[in-house]
file structure_13.cif (mmCIF, C-alpha atoms)
data_data
#
loop_
_atom_site.label_atom_id
_atom_site.label_comp_id
_atom_site.auth_asym_id
_atom_site.auth_seq_id
_atom_site.Cartn_x
_atom_site.Cartn_y
_atom_site.Cartn_z
CA GLN F 24 -10.50 7.96 -26.00
CA ALA F 25 -8.33 7.79 -22.91
CA GLN F 26 -8.65 5.34 -20.08
CA LEU F 27 -6.98 5.09 -16.71
CA GLU F 28 -7.52 2.03 -14.57
CA GLU F 29 -6.33 1.86 -10.97
CA SER F 30 -5.71 -1.28 -8.98
CA GLY F 31 -3.91 -2.40 -5.85
CA GLY F 32 -6.02 -0.86 -3.12
CA GLY F 33 -7.01 -2.77 -0.01
CA SER F 34 -7.06 -2.86 3.78
CA VAL F 35 -3.84 -2.93 5.78
CA PRO F 36 -2.83 -2.26 9.38
CA ALA F 37 -0.90 0.87 10.27
CA GLY F 38 2.73 0.53 9.26
CA GLY F 39 1.88 -1.68 6.32
CA SER F 40 2.51 -1.17 2.61
CA LEU F 41 0.53 -1.15 -0.61
CA ARG F 42 1.42 -0.56 -4.24
CA LEU F 43 -1.16 1.10 -6.43
CA SER F 44 -1.05 0.76 -10.20
CA CYS F 45 -2.54 2.95 -12.90
CA ALA F 46 -2.70 1.45 -16.39
CA ALA F 47 -3.13 4.03 -19.16
CA SER F 48 -4.51 3.44 -22.62
CA GLY F 49 -5.80 5.45 -25.54
CA TYR F 50 -4.61 9.05 -25.80
CA VAL F 51 -2.67 8.98 -22.55
CA ASN F 52 0.95 8.13 -23.17
CA SER F 53 4.41 8.54 -21.74
CA ARG F 54 4.46 12.26 -22.62
CA TYR F 55 1.72 13.03 -20.12
CA CYS F 56 2.11 14.40 -16.63
CA MET F 57 0.59 11.80 -14.30
CA GLY F 58 -0.72 12.37 -10.81
CA TRP F 59 -2.15 10.47 -7.86
CA PHE F 60 -4.88 12.11 -5.80
CA ARG F 61 -6.88 10.96 -2.82
CA GLN F 62 -10.17 11.89 -1.24
CA ALA F 63 -11.30 10.92 2.22
CA PRO F 64 -14.98 11.08 3.23
CA GLY F 65 -16.02 14.66 3.84
CA ALA F 66 -12.69 16.04 2.66
CA ASN F 67 -11.49 17.75 -0.49
CA ARG F 68 -9.52 15.84 -3.07
CA GLU F 69 -5.81 16.39 -2.55
CA GLY F 70 -2.75 15.81 -4.65
CA VAL F 71 -0.48 13.06 -3.37
CA ALA F 72 2.27 12.78 -5.98
CA SER F 73 3.05 13.44 -9.61
CA ILE F 74 5.56 12.31 -12.22
CA ASP F 75 6.28 13.83 -15.59
CA SER F 76 7.64 12.39 -18.81
CA THR F 77 11.24 12.95 -17.67
CA GLY F 78 10.69 11.10 -14.41
CA SER F 79 10.70 14.23 -12.29
CA THR F 80 8.49 13.80 -9.22
CA SER F 81 6.62 15.90 -6.67
CA TYR F 82 5.03 14.88 -3.38
CA ALA F 83 2.66 16.27 -0.81
CA ASP F 84 4.44 17.03 2.46
CA SER F 85 2.24 14.51 4.26
CA VAL F 86 3.63 11.58 2.23
CA LYS F 87 7.25 12.58 1.61
CA GLY F 88 9.62 9.84 2.65
CA ARG F 89 6.82 7.25 2.75
CA PHE F 90 5.37 7.21 -0.78
CA THR F 91 7.19 6.80 -4.08
CA ILE F 92 5.73 7.41 -7.53
CA PHE F 93 7.35 5.82 -10.56
CA ARG F 94 6.36 4.76 -14.04
CA ASP F 95 7.02 1.90 -16.43
CA TYR F 96 7.06 3.49 -19.89
CA ALA F 97 6.90 0.15 -21.70
CA LYS F 98 3.75 -0.86 -19.82
CA SER F 99 2.19 2.64 -19.83
CA THR F 100 1.70 2.20 -16.12
CA VAL F 101 2.27 4.54 -13.19
CA TYR F 102 2.74 3.19 -9.68
CA LEU F 103 2.43 4.57 -6.19
CA GLN F 104 4.41 2.62 -3.61
CA MET F 105 3.04 3.43 -0.17
CA ASN F 106 5.03 2.44 2.90
CA SER F 107 4.59 3.14 6.61
CA LEU F 108 0.90 3.70 6.05
CA LYS F 109 -1.07 5.64 8.64
CA PRO F 110 -4.81 5.68 9.39
CA GLU F 111 -4.95 9.20 7.96
CA ASP F 112 -3.92 7.79 4.58
CA THR F 113 -7.32 6.12 4.35
CA ALA F 114 -9.06 7.44 1.24
CA MET F 115 -10.13 6.71 -2.29
CA TYR F 116 -7.06 7.05 -4.49
CA TYR F 117 -7.34 8.31 -8.05
CA CYS F 118 -4.95 8.35 -10.96
CA ALA F 119 -5.07 11.34 -13.31
CA ALA F 120 -3.35 12.60 -16.45
CA GLN F 121 -2.75 15.97 -18.01
CA PRO F 122 -1.45 16.35 -21.58
CA TYR F 123 1.82 18.09 -20.78
CA VAL F 124 5.35 16.78 -20.82
CA TYR F 125 6.15 18.49 -17.52
CA CYS F 126 4.22 18.69 -14.25
CA THR F 127 4.85 22.18 -12.99
CA SER F 128 5.48 22.86 -9.33
CA PHE F 129 2.43 25.12 -9.40
CA SER F 130 -0.09 22.86 -11.11
CA TRP F 131 0.76 19.29 -10.23
CA SER F 132 -1.51 19.20 -7.19
CA GLN F 133 -4.45 21.05 -8.75
CA ASP F 134 -7.06 18.53 -9.82
CA VAL F 135 -8.64 20.97 -12.31
CA ARG F 136 -5.45 20.77 -14.38
CA TYR F 137 -6.00 17.09 -15.17
CA ASP F 138 -8.09 16.02 -18.14
CA PHE F 139 -8.40 12.29 -17.54
CA TRP F 140 -9.28 10.36 -14.40
CA GLY F 141 -9.60 6.78 -13.28
CA GLN F 142 -12.45 5.35 -11.22
CA GLY F 143 -10.40 5.11 -8.05
CA THR F 144 -9.22 2.39 -5.71
CA GLN F 145 -9.96 2.33 -1.97
CA VAL F 146 -7.16 2.29 0.59
CA THR F 147 -8.07 1.64 4.21
CA VAL F 148 -5.49 1.72 7.01
CA SER F 149 -6.54 0.48 10.42
CA SER F 150 -4.95 1.61 13.68
#
call {"tool": "encode", "arguments": {"input": "structure_13.cif", "output": "structure tokens"}}
result
Amino acid sequence: QAQLEESGGGSVPAGGSLRLSCAASGYVNSRYCMGWFRQAPGANREGVASIDSTGSTSYADSVKGRFTIFRDYAKSTVYLQMNSLKPEDTAMYYCAAQPYVYCTSFSWSQDVRYDFWGQGTQVTVSS
């Protein structure tokens, strides 16, 4: 059984920062491609960032230069550091895992490619 547990969400003013954490247990390990997704009310779920087992990362254009994804292999935890937050970043943020060593440039942002999901953590950015 695999479990992903997100934490670190909250409410911040525009320009603020948050760090989300995703603790993995069970089948999910350091050889998995990990992704962060978000879903705002009435919108489709979108890929935010991914990191593979080598540390290679990908980002959505909307967050490049503001968000950083990284992982602590010893703690089996993936983080999303979010800086210069904007009101349009407001969403439920989800951590996800797919059982591949690499996150391909084609698949990293496709939610159907991921087998395991966390429950989500809410991020709210006020203007």
call {"tool": "residues_around", "arguments": {"input": "structure_13.cif", "residues": "range 66-72 of chain F", "least_positions_apart": "2", "cutoff": "8 Å", "atoms": "only C-alpha atoms", "output": "ChimeraX atom specification"}}
result
/F:58-64,74,80-83,86,91-92,131-134
call {"tool": "resolve_selection", "arguments": {"input": "structure_13.cif", "expression": "the PyMOL selection byres ((chain F and resi 30-38) around 6)", "output": "short mmCIF file (atom, residue, chain, number, x, y, z; two decimals) with C-alpha atoms, keeping the file's coordinate frame"}}
result
data_model
loop_
_atom_site.label_atom_id
_atom_site.label_comp_id
_atom_site.auth_asym_id
_atom_site.auth_seq_id
_atom_site.Cartn_x
_atom_site.Cartn_y
_atom_site.Cartn_z
CA GLU F 29 -6.33 1.86 -10.97
CA GLY F 39 1.88 -1.68 6.32
CA ARG F 42 1.42 -0.56 -4.24
CA LEU F 43 -1.16 1.10 -6.43
CA SER F 44 -1.05 0.76 -10.20
CA SER F 107 4.59 3.14 6.61
CA LEU F 108 0.90 3.70 6.05
CA LYS F 109 -1.07 5.64 8.64
CA THR F 144 -9.22 2.39 -5.71
CA GLN F 145 -9.96 2.33 -1.97
CA VAL F 146 -7.16 2.29 0.59
CA THR F 147 -8.07 1.64 4.21
CA VAL F 148 -5.49 1.72 7.01
CA SER F 149 -6.54 0.48 10.42
CA SER F 150 -4.95 1.61 13.68
#
call {"tool": "atom_distance", "arguments": {"input": "structure_13.cif", "atom1": "CA of Cys118 in chain F", "atom2": "CA of Cys56 in chain F"}}
result
10.9 Å
call {"tool": "closest_residue", "arguments": {"input": "structure_13.cif", "among": "F:Glu28, F:Asp138, F:Asp75, F:Glu111", "to": "Phe93 in chain F", "atoms": "all atoms listed in the file"}}
result
F:Asp75
call {"tool": "atom_distance", "arguments": {"input": "structure_13.cif", "atom1": "CA of Tyr125 in chain F", "atom2": "CA of Phe90 in chain F"}}
result
20.2 Å
call {"tool": "closest_residue", "arguments": {"input": "structure_13.cif", "among": "F:Thr113, F:Ser40, F:Gln26, F:Ser73", "to": "Val101 in chain F", "atoms": "all atoms listed in the file"}}
result
F:Ser73
call {"tool": "resolve_selection", "arguments": {"input": "structure_13.cif", "expression": "the PyMOL selection byres ((chain F and resi 99) around 8)", "output": "list in words"}}
result
Ala46, Ala47, Ser48, Asn52, Ser53, Arg94, Asp95, Tyr96, Ala97, Lys98, Thr100 and Val101 of chain F
call {"tool": "closest_residue", "arguments": {"input": "structure_13.cif", "among": "F:Ala119, F:Met57, F:Leu41, F:Ala114", "to": "Leu27 in chain F", "atoms": "only C-alpha atoms"}}
result
F:Ala119
call {"tool": "atom_distance", "arguments": {"input": "structure_13.cif", "atom1": "CA of Arg54 in chain F", "atom2": "CA of Tyr123 in chain F"}}
result
6.7 Å
call {"tool": "closest_residue", "arguments": {"input": "structure_13.cif", "among": "F:Ser79, F:Cys45, F:Val51, F:Met105", "to": "Thr127 in chain F", "atoms": "only C-alpha atoms"}}
result
F:Ser79
call {"tool": "closest_residue", "arguments": {"input": "structure_13.cif", "among": "F:Tyr116, F:Gly78, F:Cys126, F:Asp84", "to": "Trp140 in chain F", "atoms": "only C-alpha atoms"}}
result
F:Tyr116
call {"tool": "closest_residue", "arguments": {"input": "structure_13.cif", "among": "F:Lys87, F:Arg136, F:Pro110, F:Gln24", "to": "Pro122 in chain F", "atoms": "all atoms listed in the file"}}
result
F:Arg136
call {"tool": "axis_aligned_box", "arguments": {"input": "structure_13.cif", "around": "range 99-103 of chain F", "padding_each_side": "8 Å", "output": "JSON"}}
result
{"center_x": 2.2, "center_y": 3.4, "center_z": -13.0, "size_x": 17.0, "size_y": 18.4, "size_z": 29.6}
